[in-house]
file input-v7.csv (CSV, C-alpha atoms)
chain,number,residue,atom,x,y,z
A,30,MET,CA,56.5,-58.2,62.1
A,31,ARG,CA,54.0,-60.5,63.8
A,32,PRO,CA,50.3,-59.8,63.0
A,33,GLY,CA,49.6,-58.9,66.7
A,34,VAL,CA,52.5,-56.5,66.9
A,35,ARG,CA,51.7,-55.0,63.5
A,36,LYS,CA,48.0,-54.3,64.6
A,37,LEU,CA,49.2,-52.8,67.9
A,38,VAL,CA,51.7,-50.4,66.1
A,39,LEU,CA,49.1,-49.6,63.5
A,40,SER,CA,46.5,-48.8,66.2
A,41,VAL,CA,49.1,-46.5,67.9
A,42,HIS,CA,49.9,-44.8,64.6
A,43,LEU,CA,46.3,-44.2,63.7
A,44,ALA,CA,45.5,-42.8,67.2
A,45,VAL,CA,48.5,-40.4,67.3
A,46,SER,CA,48.2,-39.3,63.7
A,47,VAL,CA,44.5,-38.5,63.8
A,48,GLY,CA,45.0,-37.0,67.3
A,49,TRP,CA,47.6,-34.7,65.7
A,50,ILE,CA,45.0,-33.4,63.3
A,51,GLY,CA,42.5,-32.9,66.0
A,52,ALA,CA,45.0,-31.0,68.2
A,53,ALA,CA,46.0,-28.9,65.2
A,54,ALA,CA,42.3,-28.0,64.7
A,55,ALA,CA,42.0,-27.0,68.4
A,56,TYR,CA,45.2,-24.9,68.0
A,57,LEU,CA,43.7,-23.2,64.9
A,58,ALA,CA,40.6,-22.2,66.8
A,59,LEU,CA,42.8,-20.3,69.3
A,60,ASP,CA,44.9,-18.9,66.5
A,61,VAL,CA,41.7,-17.6,64.8
A,62,THR,CA,40.8,-16.0,68.2
A,63,THR,CA,44.0,-14.1,68.3
A,64,VAL,CA,43.2,-12.5,64.9
A,65,ALA,CA,39.4,-12.0,65.6
A,66,THR,CA,39.5,-10.2,69.0
A,67,ASN,CA,41.3,-7.3,70.7
A,68,ASP,CA,39.9,-8.2,74.2
A,69,PRO,CA,43.1,-8.5,76.3
A,70,PRO,CA,42.0,-11.3,78.7
A,71,VAL,CA,40.8,-13.4,75.7
A,72,LEU,CA,44.1,-12.7,73.8
A,73,ARG,CA,46.2,-13.7,76.9
A,74,ALA,CA,44.2,-16.9,77.3
A,75,ALA,CA,44.5,-17.7,73.6
A,76,TYR,CA,48.3,-17.3,73.4
A,77,LEU,CA,48.8,-19.3,76.6
A,78,GLY,CA,46.5,-22.0,75.4
A,79,MET,CA,48.3,-22.2,72.0
A,80,ASP,CA,51.6,-22.6,73.8
A,81,LEU,CA,50.2,-25.3,76.1
A,82,ILE,CA,48.5,-27.3,73.3
A,83,LEU,CA,51.6,-27.0,71.1
A,84,ARG,CA,54.2,-28.1,73.6
A,85,SER,CA,52.1,-30.7,75.6
A,86,VAL,CA,50.0,-32.2,72.8
A,87,ILE,CA,50.9,-31.4,69.2
A,88,VAL,CA,54.7,-31.9,69.5
A,89,PRO,CA,54.5,-35.2,71.3
A,90,LEU,CA,51.8,-36.4,68.8
A,91,SER,CA,53.9,-35.4,65.8
A,92,VAL,CA,57.0,-37.2,67.1
A,93,ALA,CA,54.9,-40.3,67.9
A,94,THR,CA,53.4,-40.2,64.5
A,95,LEU,CA,56.8,-40.0,62.8
A,96,ILE,CA,58.2,-42.9,64.9
A,97,SER,CA,55.2,-45.2,64.6
A,98,GLY,CA,54.9,-44.4,60.9
A,99,ILE,CA,58.5,-45.5,60.3
A,100,VAL,CA,58.1,-48.6,62.4
A,101,ILE,CA,54.9,-49.7,60.7
A,102,SER,CA,56.4,-49.0,57.2
A,103,LEU,CA,59.5,-51.1,57.9
A,104,GLY,CA,57.5,-53.9,59.5
A,105,THR,CA,55.1,-54.4,56.5
A,106,ARG,CA,55.4,-55.1,52.8
A,107,TRP,CA,55.1,-51.4,52.1
A,108,GLY,CA,58.6,-50.6,53.2
A,109,LEU,CA,59.9,-47.0,53.7
A,110,PHE,CA,61.2,-46.3,50.2
A,111,ARG,CA,59.4,-48.8,48.0
A,112,HIS,CA,56.3,-46.8,47.1
A,113,TYR,CA,55.9,-43.1,46.2
A,114,TRP,CA,53.0,-42.6,48.6
A,115,VAL,CA,55.0,-43.8,51.5
A,116,VAL,CA,58.1,-41.7,50.6
A,117,ILE,CA,56.0,-38.6,50.1
A,118,SER,CA,54.1,-39.2,53.4
A,119,LEU,CA,57.4,-39.6,55.2
A,120,ALA,CA,58.8,-36.4,53.7
A,121,LEU,CA,55.7,-34.4,54.5
A,122,THR,CA,55.6,-35.7,58.1
A,123,VAL,CA,59.3,-34.9,58.6
A,124,LEU,CA,58.7,-31.4,57.2
A,125,ALA,CA,55.7,-30.8,59.3
A,126,THR,CA,57.5,-32.0,62.5
A,127,ALA,CA,60.5,-29.9,61.7
A,128,VAL,CA,58.5,-26.7,61.2
A,129,LEU,CA,56.5,-27.5,64.3
A,130,LEU,CA,59.7,-27.8,66.4
A,131,PHE,CA,60.9,-24.4,65.1
A,132,GLU,CA,57.4,-23.0,65.7
A,133,THR,CA,57.4,-23.8,69.4
A,134,ARG,CA,60.0,-21.2,70.1
A,135,THR,CA,57.9,-18.5,68.4
A,136,VAL,CA,54.8,-19.5,70.2
A,137,SER,CA,56.5,-19.8,73.6
A,138,ALA,CA,57.9,-16.2,73.0
A,139,LEU,CA,54.4,-15.0,72.1
A,140,ALA,CA,53.0,-16.7,75.3
A,141,ASP,CA,55.7,-15.1,77.5
A,142,VAL,CA,54.8,-11.7,76.2
A,143,ALA,CA,51.1,-12.3,76.6
A,144,ALA,CA,51.6,-13.6,80.2
A,145,ASP,CA,53.7,-10.6,81.2
A,146,PRO,CA,51.5,-8.3,83.3
A,147,ALA,CA,53.5,-5.3,81.9
A,148,THR,CA,52.2,-6.0,78.4
A,149,THR,CA,49.8,-3.4,77.4
A,150,PRO,CA,46.5,-4.1,75.5
A,151,GLN,CA,48.0,-2.4,72.4
A,152,GLN,CA,51.1,-4.6,72.6
A,153,LEU,CA,48.9,-7.7,73.0
A,154,ALA,CA,46.8,-6.8,70.0
A,155,ALA,CA,49.9,-6.2,67.9
A,156,LEU,CA,51.4,-9.7,68.6
A,157,ASP,CA,52.0,-11.9,65.6
A,158,SER,CA,49.6,-14.6,64.5
A,159,THR,CA,50.7,-18.1,63.4
A,160,MET,CA,47.7,-18.6,61.1
A,161,VAL,CA,49.9,-19.4,58.0
A,162,HIS,CA,51.5,-22.3,59.9
A,163,SER,CA,48.2,-23.5,61.4
A,164,ILE,CA,46.3,-23.6,58.1
A,165,GLY,CA,49.4,-24.9,56.1
A,166,GLY,CA,49.9,-27.6,58.7
A,167,ILE,CA,46.3,-28.8,58.6
A,168,ILE,CA,46.5,-28.9,54.8
A,169,VAL,CA,49.7,-30.9,54.9
A,170,LEU,CA,48.2,-33.3,57.5
A,171,GLY,CA,45.1,-33.7,55.3
A,172,ALA,CA,47.3,-34.6,52.3
A,173,ILE,CA,49.2,-37.2,54.3
A,174,LEU,CA,45.9,-38.7,55.5
A,175,ALA,CA,44.6,-38.9,52.0
A,176,LEU,CA,47.8,-40.6,50.8
A,177,ASN,CA,47.5,-43.1,53.6
A,178,VAL,CA,43.9,-43.9,52.8
A,179,TYR,CA,44.0,-44.0,49.0
A,180,LYS,CA,47.6,-45.5,48.7
A,181,PRO,CA,48.0,-44.4,45.1
A,182,ARG,CA,49.9,-46.8,42.9
A,183,GLY,CA,53.5,-46.4,41.9
A,184,ALA,CA,56.6,-48.2,43.0
A,185,THR,CA,59.9,-46.3,43.2
A,186,ARG,CA,63.0,-47.7,41.4
A,187,TYR,CA,64.2,-49.2,44.6
A,188,GLY,CA,60.9,-50.8,45.3
A,189,TRP,CA,60.7,-52.1,41.8
A,190,ARG,CA,64.2,-53.7,42.1
A,191,LYS,CA,63.2,-55.3,45.4
A,192,GLN,CA,60.0,-56.6,43.7
A,193,GLN,CA,62.0,-58.1,40.8
A,194,ALA,CA,64.5,-59.7,43.2
A,195,SER,CA,61.8,-61.4,45.3
A,196,GLN,CA,60.1,-62.6,42.1
A,197,ARG,CA,63.3,-64.1,40.8
A,198,LYS,CA,63.9,-65.7,44.2
A,199,ALA,CA,60.3,-67.1,44.2
A,200,SER,CA,60.7,-68.6,40.7
A,201,VAL,CA,64.0,-70.4,41.5
B,1,MET,CA,52.4,-46.3,32.7
B,2,THR,CA,53.4,-46.8,36.3
B,3,HIS,CA,54.0,-50.5,35.9
B,4,PRO,CA,57.2,-52.2,34.9
B,5,THR,CA,57.4,-52.7,31.2
B,6,SER,CA,59.3,-55.2,29.1
B,7,LYS,CA,61.2,-54.6,26.0
B,8,SER,CA,62.5,-57.3,23.6
B,9,LYS,CA,66.2,-57.6,23.1
B,10,ALA,CA,67.8,-58.7,19.8
B,11,ASN,CA,68.2,-62.3,21.0
B,12,GLY,CA,64.5,-62.6,21.9
B,13,GLU,CA,65.0,-62.2,25.7
B,14,SER,CA,62.8,-59.7,27.4
B,15,GLU,CA,64.4,-57.2,29.8
B,16,ALA,CA,62.2,-55.5,32.3
B,17,THR,CA,62.7,-51.8,32.7
B,18,PRO,CA,61.9,-49.8,35.9
B,19,PRO,CA,58.7,-47.9,36.0
B,20,GLY,CA,58.7,-44.1,35.5
B,21,VAL,CA,57.5,-41.5,38.0
B,22,PRO,CA,53.6,-41.9,38.2
B,23,ARG,CA,51.5,-39.1,36.8
B,24,TRP,CA,49.9,-38.3,40.2
B,25,VAL,CA,53.3,-37.6,41.7
B,26,LYS,CA,54.2,-35.2,38.8
B,27,ILE,CA,50.9,-33.4,39.1
B,28,SER,CA,51.1,-33.2,42.9
B,29,ALA,CA,54.7,-31.8,42.7
B,30,ALA,CA,53.6,-29.2,40.2
B,31,VAL,CA,50.6,-28.1,42.4
B,32,ALA,CA,53.0,-28.0,45.5
B,33,VAL,CA,55.5,-25.8,43.6
B,34,VAL,CA,52.7,-23.4,42.5
B,35,LEU,CA,51.3,-23.2,46.1
B,36,VAL,CA,54.7,-22.6,47.6
B,37,VAL,CA,55.5,-19.8,45.0
B,38,MET,CA,52.1,-18.2,45.6
B,39,LEU,CA,52.7,-18.3,49.4
B,40,VAL,CA,56.1,-16.8,49.0
B,41,VAL,CA,54.7,-14.0,46.8
B,42,ILE,CA,51.8,-13.3,49.2
B,43,VAL,CA,54.1,-13.2,52.3
B,44,ALA,CA,56.6,-11.0,50.4
B,45,LEU,CA,53.8,-8.6,49.4
B,46,ALA,CA,52.4,-8.6,52.9
B,47,GLY,CA,55.6,-7.3,54.3
B,48,GLY,CA,58.1,-10.1,54.1
B,49,GLU,CA,58.4,-10.7,57.8
B,50,HIS,CA,58.0,-14.4,57.5
B,51,GLY,CA,61.1,-16.7,57.5
B,52,PRO,CA,63.4,-18.7,59.6
B,53,GLY,CA,64.3,-15.6,61.6
B,54,LEU,CA,60.7,-15.5,62.9
B,55,HIS,CA,61.2,-18.8,64.7
B,56,THR,CA,64.1,-17.5,66.8
B,57,GLY,CA,61.8,-15.2,68.6
B,58,VAL,CA,63.9,-12.2,67.5
B,59,GLY,CA,61.0,-10.5,65.8
B,60,ILE,CA,58.9,-10.4,68.9
B,61,ASP,CA,59.0,-7.2,70.8
B,62,ALA,CA,59.0,-7.8,74.5
B,63,PRO,CA,57.2,-5.2,76.5
B,64,SER,CA,59.3,-2.8,78.6
B,65,VAL,CA,59.1,-4.1,82.1
B,66,GLY,CA,60.0,-0.7,83.6
B,67,SER,CA,62.3,0.2,86.3
B,68,GLN,CA,61.5,-0.9,89.8
call {"tool": "encode", "arguments": {"input": "input-v7.csv", "output": "structure tokens"}}
result
Amino acid sequence: MRPGVRKLVLSVHLAVSVGWIGAAAAYLALDVTTVATNDPPVLRAAYLGMDLILRSVIVPLSVATLISGIVISLGTRWGLFRHYWVVISLALTVLATAVLLFETRTVSALADVAADPATTPQQLAALDSTMVHSIGGIIVLGAILALNVYKPRGATRYGWRKQQASQRKASV
Amino acid sequence: MTHPTSKSKANGESEATPPGVPRWVKISAAVAVVLVVMLVVIVALAGGEHGPGLHTGVGIDAPSVGSQ
């Protein structure tokens, strides 16, 4: 990958991945609100906001993070399966994105109930929270961020074989 | 520990061996397993309503719209 293209893809990857964490924090604020209050208008607004943030911001950012991460890995010396930190980052990103995509159905259903004028304040207050996923998701995203910043050493067997092959080629 | 090592063969040649799994990977995996088990236990003790079924929206009670 040419340096200019690599920097462009890296910039996109940094923007969308850090944006994902910020959007997840905004979602968590609304999620905490659904647990902390019984005020019907606030609850309605919180569930509708969660649905909007999830579908319009978090899901696109997660998919963009996954795609740009794969592109930047394949286009640099790190590769996709050569180093443990890259493999684990990829696995955690795929897991987080998959859980997120399932989660959208739950949150959309919650928002539909919250938006229904027939929903009583008691039913609103009894709606589920998605706090386990919010907090778990932010912990996973933080772990991925740390892996990408520290890049702990450790080549996989595949990465080591590739390294050996390129060293042999260079010595010939 | 995480770097390729070399071992001498009987004829004096050295053969590189692939590196093992780094210690940080093993520790992280152990911590992740403990956290997942703890989460499963906590969710089970709290009523056990969490799982893939939750994501289908089946568990959400829609309010009765009433007859019009």
call {"tool": "residues_near_point", "arguments": {"input": "input-v7.csv", "point": "(53.5, -10.7, 77.0)", "cutoff": "12 Å", "atoms": "only C-alpha atoms", "output": "MDAnalysis selection string"}}
result
(chainID A and resid 69:70 72:77 136:157) or (chainID B and resid 60:65)
call {"tool": "closest_residue", "arguments": {"input": "input-v7.csv", "among": "B:Gly20, B:Val33, B:Ile27, B:Leu45", "to": "chain A", "atoms": "only C-alpha atoms"}}
result
B:Gly20
call {"tool": "residues_around", "arguments": {"input": "input-v7.csv", "residues": "A:Ala53", "least_positions_apart": "6", "cutoff": "8 Å", "atoms": "all atoms listed in the file", "output": "list in words"}}
result
Ile87, Ser163, Gly166 and Ile167 of chain A
call {"tool": "write_last_selection", "arguments": {"input": "input-v7.csv", "atoms": "C-alpha atoms", "output": "tab-separated table (two decimals), keeping the file's coordinate frame"}}
result
chain	number	residue	atom	x	y	z
A	87	ILE	CA	50.90	-31.40	69.20
A	163	SER	CA	48.20	-23.50	61.40
A	166	GLY	CA	49.90	-27.60	58.70
A	167	ILE	CA	46.30	-28.80	58.60
call {"tool": "atom_distance", "arguments": {"input": "input-v7.csv", "atom1": "atom CA of A:Ala125", "atom2": "atom CA of A:Tyr179"}}
result
20.4 Å
call {"tool": "atom_distance", "arguments": {"input": "input-v7.csv", "atom1": "atom CA of A:Ala58", "atom2": "atom CA of A:His162"}}
result
12.9 Å
call {"tool": "residues_around", "arguments": {"input": "input-v7.csv", "residues": "A:Leu130", "least_positions_apart": "4", "cutoff": "10 Å", "atoms": "only C-alpha atoms", "output": "list in words"}}
result
Leu83, Arg84, Ile87, Val88, Ser91, Val92, Leu124, Ala125, Thr126, Arg134 and Thr135 of chain A; His55 of chain B
call {"tool": "closest_residue", "arguments": {"input": "input-v7.csv", "among": "A:Val128, A:Leu95, A:Leu121, A:Met30", "to": "A:Val161", "atoms": "all atoms listed in the file"}}
result
A:Val128
call {"tool": "closest_residue", "arguments": {"input": "input-v7.csv", "among": "B:Val37, B:Ala16, B:Ala44, B:Val31", "to": "chain A", "atoms": "only C-alpha atoms"}}
result
B:Ala16
call {"tool": "decode", "arguments": {"input": "input-v7.csv", "residues": "stretch 58-169 of chain A", "atoms": "C-alpha atoms", "output": "PDB file, in the first residue's frame"}}
result
ATOM      1  CA  ALA A  58     -25.580   7.910  29.205  1.00  0.00           C
ATOM      2  CA  LEU A  59     -29.085   7.270  27.838  1.00  0.00           C
ATOM      3  CA  ASP A  60     -28.984   3.671  29.065  1.00  0.00           C
ATOM      4  CA  VAL A  61     -28.145   4.866  32.594  1.00  0.00           C
ATOM      5  CA  THR A  62     -31.069   7.310  32.327  1.00  0.00           C
ATOM      6  CA  THR A  63     -33.507   4.452  31.645  1.00  0.00           C
ATOM      7  CA  VAL A  64     -32.401   2.822  34.908  1.00  0.00           C
ATOM      8  CA  ALA A  65     -32.161   6.012  36.973  1.00  0.00           C
ATOM      9  CA  THR A  66     -35.555   7.571  36.258  1.00  0.00           C
ATOM     10  CA  ASN A  67     -39.235   6.660  36.188  1.00  0.00           C
ATOM     11  CA  ASP A  68     -40.314   9.915  34.533  1.00  0.00           C
ATOM     12  CA  PRO A  69     -42.332   8.789  31.456  1.00  0.00           C
ATOM     13  CA  PRO A  70     -41.329  11.615  29.050  1.00  0.00           C
ATOM     14  CA  VAL A  71     -37.646  11.178  29.948  1.00  0.00           C
ATOM     15  CA  LEU A  72     -37.910   7.393  29.534  1.00  0.00           C
ATOM     16  CA  ARG A  73     -39.579   7.749  26.124  1.00  0.00           C
ATOM     17  CA  ALA A  74     -36.922  10.201  24.962  1.00  0.00           C
ATOM     18  CA  ALA A  75     -34.108   7.982  26.257  1.00  0.00           C
ATOM     19  CA  TYR A  76     -35.304   4.814  24.491  1.00  0.00           C
ATOM     20  CA  LEU A  77     -35.924   6.694  21.228  1.00  0.00           C
ATOM     21  CA  GLY A  78     -32.499   8.334  21.495  1.00  0.00           C
ATOM     22  CA  MET A  79     -30.814   4.979  22.142  1.00  0.00           C
ATOM     23  CA  ASP A  80     -32.459   3.493  19.052  1.00  0.00           C
ATOM     24  CA  LEU A  81     -31.465   6.493  16.918  1.00  0.00           C
ATOM     25  CA  ILE A  82     -27.838   6.567  18.120  1.00  0.00           C
ATOM     26  CA  LEU A  83     -27.505   2.802  17.729  1.00  0.00           C
ATOM     27  CA  ARG A  84     -28.887   2.531  14.192  1.00  0.00           C
ATOM     28  CA  SER A  85     -27.630   5.845  12.759  1.00  0.00           C
ATOM     29  CA  VAL A  86     -24.223   6.173  14.416  1.00  0.00           C
ATOM     30  CA  ILE A  87     -22.923   3.138  16.304  1.00  0.00           C
ATOM     31  CA  VAL A  88     -23.731   0.421  13.747  1.00  0.00           C
ATOM     32  CA  PRO A  89     -22.252   2.352  10.753  1.00  0.00           C
ATOM     33  CA  LEU A  90     -19.151   3.210  12.810  1.00  0.00           C
ATOM     34  CA  SER A  91     -18.677  -0.414  13.891  1.00  0.00           C
ATOM     35  CA  VAL A  92     -18.909  -1.706  10.312  1.00  0.00           C
ATOM     36  CA  ALA A  93     -16.563   1.056   9.112  1.00  0.00           C
ATOM     37  CA  THR A  94     -14.104   0.201  11.903  1.00  0.00           C
ATOM     38  CA  LEU A  95     -14.124  -3.469  10.947  1.00  0.00           C
ATOM     39  CA  ILE A  96     -13.636  -2.818   7.226  1.00  0.00           C
ATOM     40  CA  SER A  97     -10.965  -0.105   7.624  1.00  0.00           C
ATOM     41  CA  GLY A  98      -9.158  -2.240  10.225  1.00  0.00           C
ATOM     42  CA  ILE A  99      -8.987  -5.200   7.846  1.00  0.00           C
ATOM     43  CA  VAL A 100      -7.788  -2.970   4.979  1.00  0.00           C
ATOM     44  CA  ILE A 101      -5.077  -1.279   7.059  1.00  0.00           C
ATOM     45  CA  SER A 102      -3.879  -4.634   8.428  1.00  0.00           C
ATOM     46  CA  LEU A 103      -3.625  -6.254   5.016  1.00  0.00           C
ATOM     47  CA  GLY A 104      -1.915  -3.163   3.572  1.00  0.00           C
ATOM     48  CA  THR A 105       0.873  -2.958   6.142  1.00  0.00           C
ATOM     49  CA  ARG A 106       3.604  -5.210   7.524  1.00  0.00           C
ATOM     50  CA  TRP A 107       1.368  -6.174  10.451  1.00  0.00           C
ATOM     51  CA  GLY A 108      -0.893  -8.409   8.351  1.00  0.00           C
ATOM     52  CA  LEU A 109      -4.165  -9.833   9.599  1.00  0.00           C
ATOM     53  CA  PHE A 110      -2.986 -13.095  11.177  1.00  0.00           C
ATOM     54  CA  ARG A 111       0.734 -12.483  11.782  1.00  0.00           C
ATOM     55  CA  HIS A 112       0.606 -10.976  15.279  1.00  0.00           C
ATOM     56  CA  TYR A 113      -1.482 -11.975  18.273  1.00  0.00           C
ATOM     57  CA  TRP A 114      -2.517  -8.393  19.034  1.00  0.00           C
ATOM     58  CA  VAL A 115      -3.969  -7.994  15.527  1.00  0.00           C
ATOM     59  CA  VAL A 116      -5.775 -11.359  15.624  1.00  0.00           C
ATOM     60  CA  ILE A 117      -7.287 -10.613  19.046  1.00  0.00           C
ATOM     61  CA  SER A 118      -8.272  -7.076  17.968  1.00  0.00           C
ATOM     62  CA  LEU A 119      -9.993  -8.513  14.899  1.00  0.00           C
ATOM     63  CA  ALA A 120     -11.803 -11.205  16.908  1.00  0.00           C
ATOM     64  CA  LEU A 121     -13.028  -8.683  19.508  1.00  0.00           C
ATOM     65  CA  THR A 122     -14.170  -6.245  16.790  1.00  0.00           C
ATOM     66  CA  VAL A 123     -16.087  -8.995  14.967  1.00  0.00           C
ATOM     67  CA  LEU A 124     -17.653 -10.104  18.276  1.00  0.00           C
ATOM     68  CA  ALA A 125     -18.618  -6.535  19.248  1.00  0.00           C
ATOM     69  CA  THR A 126     -20.106  -5.848  15.806  1.00  0.00           C
ATOM     70  CA  ALA A 127     -22.081  -9.114  15.807  1.00  0.00           C
ATOM     71  CA  VAL A 128     -23.533  -8.479  19.287  1.00  0.00           C
ATOM     72  CA  LEU A 129     -24.332  -4.923  18.212  1.00  0.00           C
ATOM     73  CA  LEU A 130     -26.225  -6.076  15.128  1.00  0.00           C
ATOM     74  CA  PHE A 131     -28.317  -8.453  17.260  1.00  0.00           C
ATOM     75  CA  GLU A 132     -28.812  -5.699  19.830  1.00  0.00           C
ATOM     76  CA  THR A 133     -30.411  -3.343  17.303  1.00  0.00           C
ATOM     77  CA  ARG A 134     -33.526  -5.558  17.161  1.00  0.00           C
ATOM     78  CA  THR A 135     -33.921  -5.467  20.932  1.00  0.00           C
ATOM     79  CA  VAL A 136     -33.412  -1.698  21.144  1.00  0.00           C
ATOM     80  CA  SER A 137     -35.754  -1.046  18.193  1.00  0.00           C
ATOM     81  CA  ALA A 138     -38.444  -3.144  19.895  1.00  0.00           C
ATOM     82  CA  LEU A 139     -37.916  -1.210  23.150  1.00  0.00           C
ATOM     83  CA  ALA A 140     -38.164   2.110  21.249  1.00  0.00           C
ATOM     84  CA  ASP A 141     -41.361   0.965  19.500  1.00  0.00           C
ATOM     85  CA  VAL A 142     -42.960   0.195  22.860  1.00  0.00           C
ATOM     86  CA  ALA A 143     -41.721   3.494  24.333  1.00  0.00           C
ATOM     87  CA  ALA A 144     -43.064   5.476  21.353  1.00  0.00           C
ATOM     88  CA  ASP A 145     -46.496   3.870  21.527  1.00  0.00           C
ATOM     89  CA  PRO A 146     -48.953   6.341  23.131  1.00  0.00           C
ATOM     90  CA  ALA A 147     -50.828   3.364  24.587  1.00  0.00           C
ATOM     91  CA  THR A 148     -47.832   2.382  26.721  1.00  0.00           C
ATOM     92  CA  THR A 149     -48.554   3.177  30.355  1.00  0.00           C
ATOM     93  CA  PRO A 150     -45.964   4.764  32.702  1.00  0.00           C
ATOM     94  CA  GLN A 151     -45.776   1.440  34.561  1.00  0.00           C
ATOM     95  CA  GLN A 152     -45.006  -0.443  31.348  1.00  0.00           C
ATOM     96  CA  LEU A 153     -42.405   2.175  30.431  1.00  0.00           C
ATOM     97  CA  ALA A 154     -40.697   1.846  33.794  1.00  0.00           C
ATOM     98  CA  ALA A 155     -40.706  -1.956  33.469  1.00  0.00           C
ATOM     99  CA  LEU A 156     -38.929  -1.996  30.081  1.00  0.00           C
ATOM    100  CA  ASP A 157     -35.571  -3.785  29.929  1.00  0.00           C
ATOM    101  CA  SER A 158     -32.250  -2.011  30.164  1.00  0.00           C
ATOM    102  CA  THR A 159     -29.305  -2.828  27.910  1.00  0.00           C
ATOM    103  CA  MET A 160     -26.678  -1.783  30.473  1.00  0.00           C
ATOM    104  CA  VAL A 161     -24.854  -5.134  30.413  1.00  0.00           C
ATOM    105  CA  HIS A 162     -24.180  -4.696  26.702  1.00  0.00           C
ATOM    106  CA  SER A 163     -23.340  -0.995  26.996  1.00  0.00           C
ATOM    107  CA  ILE A 164     -20.760  -1.458  29.731  1.00  0.00           C
ATOM    108  CA  GLY A 165     -19.430  -4.704  28.252  1.00  0.00           C
ATOM    109  CA  GLY A 166     -19.126  -3.075  24.839  1.00  0.00           C
ATOM    110  CA  ILE A 167     -17.155  -0.110  26.174  1.00  0.00           C
ATOM    111  CA  ILE A 168     -14.811  -2.459  28.076  1.00  0.00           C
ATOM    112  CA  VAL A 169     -14.216  -4.488  24.887  1.00  0.00           C
TER     113      VAL A 169
END
